[in-house]
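> Below you'll find model.cif; it's mmCIF, N, CA and C atoms.
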data_coords
loop_
_atom_site.group_PDB
_atom_site.id
_atom_site.type_symbol
_atom_site.label_atom_id
_atom_site.label_comp_id
_atom_site.auth_asym_id
_atom_site.auth_seq_id
_atom_site.Cartn_x
_atom_site.Cartn_y
_atom_site.Cartn_z
ATOM 1 N N MET A 1437 0.819 -1.191 0.000
ATOM 2 C CA MET A 1437 0.000 0.000 0.000
ATOM 3 C C MET A 1437 0.868 1.263 0.000
ATOM 4 N N TYR A 1438 1.937 1.247 0.831
ATOM 5 C CA TYR A 1438 2.802 2.429 0.909
ATOM 6 C C TYR A 1438 3.560 2.647 -0.390
ATOM 7 N N LEU A 1439 3.987 1.555 -1.035
ATOM 8 C CA LEU A 1439 4.689 1.687 -2.308
ATOM 9 C C LEU A 1439 3.778 2.253 -3.387
ATOM 10 N N GLN A 1440 2.506 1.926 -3.338
ATOM 11 C CA GLN A 1440 1.556 2.479 -4.301
ATOM 12 C C GLN A 1440 1.395 3.985 -4.082
ATOM 13 N N LYS A 1441 1.380 4.411 -2.824
ATOM 14 C CA LYS A 1441 1.292 5.844 -2.549
ATOM 15 C C LYS A 1441 2.556 6.569 -3.018
ATOM 16 N N MET A 1442 3.714 5.943 -2.845
ATOM 17 C CA MET A 1442 4.955 6.561 -3.313
ATOM 18 C C MET A 1442 4.974 6.656 -4.840
ATOM 19 N N ARG A 1443 4.444 5.652 -5.500
ATOM 20 C CA ARG A 1443 4.370 5.686 -6.965
ATOM 21 C C ARG A 1443 3.496 6.837 -7.429
ATOM 22 N N VAL A 1444 2.385 7.031 -6.768
ATOM 23 C CA VAL A 1444 1.486 8.134 -7.114
ATOM 24 C C VAL A 1444 2.152 9.473 -6.803
ATOM 25 N N ALA A 1445 2.883 9.550 -5.694
ATOM 26 C CA ALA A 1445 3.563 10.796 -5.335
ATOM 27 C C ALA A 1445 4.659 11.127 -6.348
ATOM 28 N N LEU A 1446 5.377 10.127 -6.824
ATOM 29 C CA LEU A 1446 6.400 10.368 -7.836
ATOM 30 C C LEU A 1446 5.782 10.745 -9.177
ATOM 31 N N LEU A 1447 4.568 10.302 -9.415
ATOM 32 C CA LEU A 1447 3.843 10.728 -10.608
ATOM 33 C C LEU A 1447 3.598 12.237 -10.570
ATOM 34 N N CYS A 1448 3.337 12.756 -9.381
ATOM 35 C CA CYS A 1448 3.161 14.204 -9.222
ATOM 36 C C CYS A 1448 4.444 14.934 -9.600
ATOM 37 N N PHE A 1449 5.599 14.409 -9.205
ATOM 38 C CA PHE A 1449 6.868 15.040 -9.574
ATOM 39 C C PHE A 1449 7.086 14.971 -11.078
ATOM 40 N N ARG A 1450 6.763 13.838 -11.663
ATOM 41 C CA ARG A 1450 6.985 13.672 -13.098
ATOM 42 C C ARG A 1450 6.135 14.646 -13.907
ATOM 43 N N ARG A 1451 4.931 14.891 -13.460
ATOM 44 C CA ARG A 1451 4.037 15.790 -14.201
ATOM 45 C C ARG A 1451 4.423 17.257 -14.054
ATOM 46 N N ASN A 1452 5.145 17.599 -13.004
ATOM 47 C CA ASN A 1452 5.474 18.996 -12.734
ATOM 48 C C ASN A 1452 6.978 19.237 -12.670
ATOM 49 N N SER A 1453 7.767 18.448 -13.363
ATOM 50 C CA SER A 1453 9.213 18.504 -13.159
ATOM 51 C C SER A 1453 9.977 19.306 -14.199
ATOM 52 N N ALA A 1454 9.328 20.033 -15.060
ATOM 53 C CA ALA A 1454 10.051 20.773 -16.096
ATOM 54 C C ALA A 1454 10.931 21.869 -15.501
ATOM 55 N N ILE A 1455 10.384 22.686 -14.634
ATOM 56 C CA ILE A 1455 11.161 23.772 -14.042
ATOM 57 C C ILE A 1455 12.256 23.242 -13.115
ATOM 58 N N PRO A 1456 11.984 22.260 -12.236
ATOM 59 C CA PRO A 1456 13.075 21.745 -11.414
ATOM 60 C C PRO A 1456 14.211 21.121 -12.229
ATOM 61 N N LEU A 1457 13.892 20.476 -13.333
ATOM 62 C CA LEU A 1457 14.957 19.899 -14.147
ATOM 63 C C LEU A 1457 15.783 20.975 -14.841
ATOM 64 N N LEU A 1458 15.146 22.050 -15.264
ATOM 65 C CA LEU A 1458 15.908 23.172 -15.830
ATOM 66 C C LEU A 1458 16.820 23.798 -14.781
ATOM 67 N N LEU A 1459 16.327 23.932 -13.554
ATOM 68 C CA LEU A 1459 17.171 24.450 -12.478
ATOM 69 C C LEU A 1459 18.304 23.487 -12.154
ATOM 70 N N SER A 1460 18.064 22.188 -12.283
ATOM 71 C CA SER A 1460 19.130 21.206 -12.065
ATOM 72 C C SER A 1460 20.227 21.349 -13.107
ATOM 73 N N LEU A 1461 19.838 21.553 -14.348
ATOM 74 C CA LEU A 1461 20.839 21.719 -15.395
ATOM 75 C C LEU A 1461 21.646 22.998 -15.179
ATOM 76 N N ALA A 1462 20.990 24.066 -14.738
ATOM 77 C CA ALA A 1462 21.715 25.302 -14.441
ATOM 78 C C ALA A 1462 22.674 25.095 -13.266
ATOM 79 N N GLY A 1463 22.252 24.345 -12.272
ATOM 80 C CA GLY A 1463 23.131 24.033 -11.141
ATOM 81 C C GLY A 1463 24.302 23.167 -11.551
ATOM 82 N N CYS A 1464 24.083 22.261 -12.486
ATOM 83 C CA CYS A 1464 25.180 21.422 -12.973
ATOM 84 C C CYS A 1464 26.212 22.261 -13.723
ATOM 85 N N LYS A 1465 25.753 23.242 -14.464
ATOM 86 C CA LYS A 1465 26.693 24.128 -15.151
ATOM 87 C C LYS A 1465 27.514 24.916 -14.140
ATOM 88 N N LYS A 1466 26.873 25.375 -13.073
ATOM 89 C CA LYS A 1466 27.584 26.095 -12.010
ATOM 90 C C LYS A 1466 28.584 25.177 -11.322
ATOM 91 N N TYR A 1467 28.242 23.899 -11.167
ATOM 92 C CA TYR A 1467 29.157 22.935 -10.556
ATOM 93 C C TYR A 1467 30.381 22.719 -11.440
ATOM 94 N N VAL A 1468 30.176 22.670 -12.744
ATOM 95 C CA VAL A 1468 31.300 22.510 -13.665
ATOM 96 C C VAL A 1468 32.213 23.737 -13.583
ATOM 97 N N ASP A 1469 31.618 24.916 -13.451
ATOM 98 C CA ASP A 1469 32.417 26.139 -13.393
ATOM 99 C C ASP A 1469 33.177 26.277 -12.075
ATOM 100 N N ASP A 1470 32.516 26.025 -10.939
ATOM 101 C CA ASP A 1470 33.112 26.291 -9.623
ATOM 102 C C ASP A 1470 33.635 25.038 -8.926
ATOM 103 N N GLY A 1471 32.898 23.941 -8.999
ATOM 104 C CA GLY A 1471 33.322 22.701 -8.356
ATOM 105 C C GLY A 1471 32.805 22.497 -6.949
ATOM 106 N N TYR A 1472 31.939 23.375 -6.451
ATOM 107 C CA TYR A 1472 31.385 23.236 -5.108
ATOM 108 C C TYR A 1472 29.979 22.659 -5.186
ATOM 109 N N ALA A 1473 29.762 21.538 -4.499
ATOM 110 C CA ALA A 1473 28.462 20.874 -4.582
ATOM 111 C C ALA A 1473 27.542 21.214 -3.412
ATOM 112 N N THR A 1474 28.094 21.437 -2.218
ATOM 113 C CA THR A 1474 27.258 21.633 -1.033
ATOM 114 C C THR A 1474 26.374 22.878 -1.133
ATOM 115 N N PRO A 1475 26.906 24.048 -1.523
ATOM 116 C CA PRO A 1475 25.992 25.203 -1.652
ATOM 117 C C PRO A 1475 24.919 24.982 -2.717
ATOM 118 N N LEU A 1476 25.268 24.223 -3.739
ATOM 119 C CA LEU A 1476 24.281 23.952 -4.787
ATOM 120 C C LEU A 1476 23.158 23.068 -4.275
ATOM 121 N N LEU A 1477 23.470 22.123 -3.396
ATOM 122 C CA LEU A 1477 22.414 21.275 -2.834
ATOM 123 C C LEU A 1477 21.460 22.097 -1.978
ATOM 124 N N PHE A 1478 22.004 23.038 -1.207
ATOM 125 C CA PHE A 1478 21.132 23.913 -0.411
ATOM 126 C C PHE A 1478 20.298 24.809 -1.312
ATOM 127 N N MET A 1479 20.916 25.323 -2.376
ATOM 128 C CA MET A 1479 20.185 26.152 -3.333
ATOM 129 C C MET A 1479 19.076 25.329 -3.993
ATOM 130 N N LYS A 1480 19.381 24.100 -4.328
ATOM 131 C CA LYS A 1480 18.403 23.242 -4.986
ATOM 132 C C LYS A 1480 17.243 22.917 -4.042
ATOM 133 N N ALA A 1481 17.554 22.678 -2.773
ATOM 134 C CA ALA A 1481 16.487 22.407 -1.799
ATOM 135 C C ALA A 1481 15.582 23.626 -1.637
ATOM 136 N N ALA A 1482 16.178 24.811 -1.599
ATOM 137 C CA ALA A 1482 15.380 26.041 -1.460
ATOM 138 C C ALA A 1482 14.512 26.278 -2.697
ATOM 139 N N THR A 1483 15.073 26.073 -3.880
ATOM 140 C CA THR A 1483 14.271 26.284 -5.086
ATOM 141 C C THR A 1483 13.207 25.198 -5.237
ATOM 142 N N SER A 1484 13.484 23.998 -4.741
ATOM 143 C CA SER A 1484 12.458 22.950 -4.771
ATOM 144 C C SER A 1484 11.269 23.331 -3.908
ATOM 145 N N CYS A 1485 11.554 23.888 -2.737
ATOM 146 C CA CYS A 1485 10.460 24.345 -1.869
ATOM 147 C C CYS A 1485 9.677 25.469 -2.528
ATOM 148 N N LEU A 1486 10.387 26.377 -3.185
ATOM 149 C CA LEU A 1486 9.725 27.483 -3.867
ATOM 150 C C LEU A 1486 8.863 26.997 -5.031
ATOM 151 N N VAL A 1487 9.370 26.063 -5.811
ATOM 152 C CA VAL A 1487 8.593 25.512 -6.930
ATOM 153 C C VAL A 1487 7.389 24.745 -6.399
ATOM 154 N N TRP A 1488 7.563 24.001 -5.306
ATOM 155 C CA TRP A 1488 6.435 23.281 -4.718
ATOM 156 C C TRP A 1488 5.360 24.257 -4.253
ATOM 157 N N TYR A 1489 5.773 25.375 -3.686
ATOM 158 C CA TYR A 1489 4.803 26.393 -3.259
ATOM 159 C C TYR A 1489 3.983 26.878 -4.454
ATOM 160 N N PHE A 1490 4.651 27.142 -5.571
ATOM 161 C CA PHE A 1490 3.925 27.603 -6.753
ATOM 162 C C PHE A 1490 3.033 26.511 -7.338
ATOM 163 N N VAL A 1491 3.459 25.262 -7.245
ATOM 164 C CA VAL A 1491 2.591 24.167 -7.711
ATOM 165 C C VAL A 1491 1.335 24.109 -6.857
ATOM 166 N N VAL A 1492 1.503 24.236 -5.557
ATOM 167 C CA VAL A 1492 0.341 24.179 -4.661
ATOM 168 C C VAL A 1492 -0.574 25.380 -4.887
ATOM 169 N N GLN A 1493 -0.006 26.559 -5.114
ATOM 170 C CA GLN A 1493 -0.826 27.752 -5.282
ATOM 171 C C GLN A 1493 -1.484 27.834 -6.657
ATOM 172 N N LEU A 1494 -0.751 27.497 -7.702
ATOM 173 C CA LEU A 1494 -1.259 27.697 -9.062
ATOM 174 C C LEU A 1494 -1.956 26.477 -9.652
ATOM 175 N N ARG A 1495 -1.598 25.288 -9.187
ATOM 176 C CA ARG A 1495 -2.186 24.080 -9.750
ATOM 177 C C ARG A 1495 -2.847 23.233 -8.671
ATOM 178 N N SER A 1496 -3.439 23.890 -7.712
ATOM 179 C CA SER A 1496 -4.037 23.156 -6.602
ATOM 180 C C SER A 1496 -5.207 22.285 -7.044
ATOM 181 N N ASP A 1497 -5.857 22.650 -8.143
ATOM 182 C CA ASP A 1497 -6.972 21.838 -8.621
ATOM 183 C C ASP A 1497 -6.496 20.475 -9.121
ATOM 184 N N THR A 1498 -5.252 20.364 -9.609
ATOM 185 C CA THR A 1498 -4.749 19.063 -10.058
ATOM 186 C C THR A 1498 -4.283 18.200 -8.898
ATOM 187 N N LEU A 1499 -4.031 18.806 -7.739
ATOM 188 C CA LEU A 1499 -3.577 18.021 -6.591
ATOM 189 C C LEU A 1499 -4.704 17.211 -5.958
ATOM 190 N N TYR A 1500 -5.959 17.548 -6.261
ATOM 191 C CA TYR A 1500 -7.064 16.781 -5.696
ATOM 192 C C TYR A 1500 -7.077 15.345 -6.209
ATOM 193 N N TYR A 1501 -6.492 15.109 -7.359
ATOM 194 C CA TYR A 1501 -6.353 13.735 -7.865
ATOM 195 C C TYR A 1501 -5.555 12.895 -6.873
ATOM 196 N N TYR A 1502 -4.482 13.454 -6.356
ATOM 197 C CA TYR A 1502 -3.634 12.731 -5.409
ATOM 198 C C TYR A 1502 -4.285 12.639 -4.041
ATOM 199 N N TYR A 1503 -4.976 13.695 -3.649
ATOM 200 C CA TYR A 1503 -5.664 13.655 -2.361
ATOM 201 C C TYR A 1503 -6.770 12.598 -2.363
ATOM 202 N N ASN A 1504 -7.441 12.427 -3.488
ATOM 203 C CA ASN A 1504 -8.488 11.408 -3.579
ATOM 204 C C ASN A 1504 -7.918 9.996 -3.538
ATOM 205 N N LEU A 1505 -6.649 9.840 -3.868
ATOM 206 C CA LEU A 1505 -5.971 8.543 -3.748
ATOM 207 C C LEU A 1505 -5.333 8.368 -2.378
ATOM 208 N N HIS A 1506 -5.714 9.216 -1.436
ATOM 209 C CA HIS A 1506 -5.263 9.174 -0.039
ATOM 210 C C HIS A 1506 -3.758 9.383 0.091
ATOM 211 N N VAL A 1507 -3.230 10.276 -0.713
ATOM 212 C CA VAL A 1507 -1.834 10.680 -0.601
ATOM 213 C C VAL A 1507 -1.838 12.076 0.005
ATOM 214 N N SER A 1508 -1.198 12.214 1.152
ATOM 215 C CA SER A 1508 -1.236 13.487 1.853
ATOM 216 C C SER A 1508 -0.308 14.510 1.205
ATOM 217 N N ARG A 1509 -0.519 15.747 1.556
ATOM 218 C CA ARG A 1509 0.318 16.823 1.037
ATOM 219 C C ARG A 1509 1.754 16.665 1.535
ATOM 220 N N ARG A 1510 1.905 16.190 2.763
ATOM 221 C CA ARG A 1510 3.244 15.973 3.318
ATOM 222 C C ARG A 1510 4.001 14.906 2.538
ATOM 223 N N LEU A 1511 3.335 13.812 2.180
ATOM 224 C CA LEU A 1511 3.985 12.763 1.397
ATOM 225 C C LEU A 1511 4.309 13.257 -0.010
ATOM 226 N N LEU A 1512 3.421 14.037 -0.596
ATOM 227 C CA LEU A 1512 3.707 14.604 -1.913
ATOM 228 C C LEU A 1512 4.933 15.511 -1.867
ATOM 229 N N PHE A 1513 5.009 16.363 -0.833
ATOM 230 C CA PHE A 1513 6.150 17.270 -0.720
ATOM 231 C C PHE A 1513 7.446 16.504 -0.455
ATOM 232 N N THR A 1514 7.391 15.502 0.417
ATOM 233 C CA THR A 1514 8.596 14.719 0.719
ATOM 234 C C THR A 1514 9.083 13.972 -0.513
ATOM 235 N N ALA A 1515 8.169 13.356 -1.234
ATOM 236 C CA ALA A 1515 8.563 12.646 -2.457
ATOM 237 C C ALA A 1515 9.090 13.626 -3.499
ATOM 238 N N TRP A 1516 8.473 14.802 -3.586
ATOM 239 C CA TRP A 1516 8.930 15.835 -4.515
ATOM 240 C C TRP A 1516 10.365 16.242 -4.193
ATOM 241 N N LEU A 1517 10.626 16.535 -2.920
ATOM 242 C CA LEU A 1517 11.952 16.990 -2.516
ATOM 243 C C LEU A 1517 12.993 15.896 -2.710
ATOM 244 N N LEU A 1518 12.682 14.673 -2.326
ATOM 245 C CA LEU A 1518 13.631 13.574 -2.487
ATOM 246 C C LEU A 1518 13.899 13.261 -3.952
ATOM 247 N N ALA A 1519 12.873 13.280 -4.774
ATOM 248 C CA ALA A 1519 13.068 13.015 -6.198
ATOM 249 C C ALA A 1519 13.882 14.128 -6.851
ATOM 250 N N ASP A 1520 13.618 15.359 -6.461
ATOM 251 C CA ASP A 1520 14.336 16.487 -7.049
ATOM 252 C C ASP A 1520 15.802 16.482 -6.625
ATOM 253 N N LEU A 1521 16.060 16.314 -5.333
ATOM 254 C CA LEU A 1521 17.449 16.269 -4.867
ATOM 255 C C LEU A 1521 18.164 15.022 -5.366
ATOM 256 N N GLY A 1522 17.443 13.915 -5.478
ATOM 257 C CA GLY A 1522 18.053 12.701 -6.018
ATOM 258 C C GLY A 1522 18.449 12.848 -7.472
ATOM 259 N N THR A 1523 17.581 13.447 -8.258
ATOM 260 C CA THR A 1523 17.902 13.699 -9.662
ATOM 261 C C THR A 1523 19.110 14.616 -9.786
ATOM 262 N N PHE A 1524 19.133 15.651 -8.980
ATOM 263 C CA PHE A 1524 20.237 16.601 -9.008
ATOM 264 C C PHE A 1524 21.547 15.937 -8.577
ATOM 265 N N SER A 1525 21.482 15.114 -7.530
ATOM 266 C CA SER A 1525 22.688 14.423 -7.067
ATOM 267 C C SER A 1525 23.216 13.448 -8.109
ATOM 268 N N ILE A 1526 22.328 12.759 -8.789
ATOM 269 C CA ILE A 1526 22.759 11.837 -9.845
ATOM 270 C C ILE A 1526 23.402 12.601 -10.992
ATOM 271 N N LEU A 1527 22.831 13.747 -11.357
ATOM 272 C CA LEU A 1527 23.443 14.560 -12.409
ATOM 273 C C LEU A 1527 24.828 15.054 -12.002
ATOM 274 N N LEU A 1528 24.973 15.483 -10.744
ATOM 275 C CA LEU A 1528 26.291 15.921 -10.277
ATOM 276 C C LEU A 1528 27.292 14.775 -10.280
ATOM 277 N N TRP A 1529 26.846 13.601 -9.872
ATOM 278 C CA TRP A 1529 27.721 12.431 -9.856
ATOM 279 C C TRP A 1529 28.158 12.059 -11.271
ATOM 280 N N LEU A 1530 27.234 12.111 -12.219
ATOM 281 C CA LEU A 1530 27.586 11.807 -13.612
ATOM 282 C C LEU A 1530 28.596 12.825 -14.161
ATOM 283 N N ILE A 1531 28.401 14.081 -13.828
ATOM 284 C CA ILE A 1531 29.353 15.096 -14.290
ATOM 285 C C ILE A 1531 30.727 14.865 -13.664
ATOM 286 N N ARG A 1532 30.738 14.488 -12.402
ATOM 287 C CA ARG A 1532 32.016 14.210 -11.729
ATOM 288 C C ARG A 1532 32.711 13.007 -12.354
ATOM 289 N N CYS A 1533 31.950 12.001 -12.741
ATOM 290 C CA CYS A 1533 32.544 10.823 -13.388
ATOM 291 C C CYS A 1533 33.079 11.153 -14.783
ATOM 292 N N ILE A 1534 32.416 12.047 -15.472
ATOM 293 C CA ILE A 1534 32.849 12.414 -16.824
ATOM 294 C C ILE A 1534 34.128 13.242 -16.784
ATOM 295 N N GLN A 1535 34.253 14.102 -15.768
ATOM 296 C CA GLN A 1535 35.425 14.993 -15.705
ATOM 297 C C GLN A 1535 36.653 14.252 -15.381
#
Can the structure in the file be given as structure tokens, please?


Amino acid sequence: MYLQKMRVALLCFRRNSAIPLLLSLAGCKKYVDDGYATPLLFMKAATSCLVWYFVVQLRSDTLYYYYNLHVSRRLLFTAWLLADLGTFSILLWLIRCIQ
């Protein structure tokens, strides 16, 4: 049951992930230029929270689909943040392996 809720929560990230992925690519370029990953992770976490706020405010009518599947807002936000930071960390790791 919990895995099904996580799958639905990750579906929310997939449907709204265009802006976070663009910010991830911009952060990866900054990592290539400077080489510091820790400030970028904090920046990414802050922008993820900001993007989530705009998703909740501007697209709140689409979130009722997830609420009707008994997925709470807290689980949606946690899955959003973990998926976003995980994607960003994987991109940073790939860039580090390439360099």

> Quick one: residues within 9 Å of region 1488-1495 of chain A, only C-alpha atoms, excluding same-chain residues fewer than 4 positions away - as an MDAnalysis selection string?

chainID A and resid 1452 1483:1484 1499 1513 1516:1517

> Write out as a ChimeraX atom specification the residues lying within 7 Å of region 1441-1446 of chain A, counting only N, CA and C atoms and excluding same-chain residues fewer than 2 positions away.

/A:1437-1439,1448-1451,1502,1506-1507,1511-1512,1515-1516

> Counting only C-alpha atoms, figure out which residue out of A:Asp1520, A:Gln1440, A:Ala1462, A:Ser1525 gets nearest to Leu1505 (chain A).

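Ranked by minimum distance to Leu1505 (chain A), first place goes to A:Gln1440.
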
> Could you tell me, as a PyMOL selection string, exactly which residues end up selected when the PyMOL selection byres ((chain A and resi 1480) around 8) is applied to this structure?

chain A and resi 1459-1460+1463+1474-1479+1481-1486+1520-1521+1524

> Can you measure CA of Gly1471 (chain A) to atom N of Thr1514 (chain A) for me? One decimal in Å is fine.

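The value is 28.3 Å.
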
> Would you compute the distance between CA of Tyr1500 (chain A) and CA of Leu1457 (chain A)? Give it in Å to one decimal.

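If I compute the distance from CA of Tyr1500 (chain A) to CA of Leu1457 (chain A), I get 23.8 Å.
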
> How many Å separate atom N of Gly1522 (chain A) from atom N of Pro1456 (chain A)?

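Interatomic distance, atom N of Gly1522 (chain A) to atom N of Pro1456 (chain A): 12.0 Å.
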
> Kindly provide, as lines of an AutoDock Vina configuration file, the centre and edge lengths (Å, one decimal) of an axis-aligned box around all atoms of region 1445-1460 of chain A given in the file, with 4 Å on each side.


center_x = 11.6
center_y = 17.0
center_z = -10.7
size_x = 25.3
size_y = 22.9
size_z = 18.8
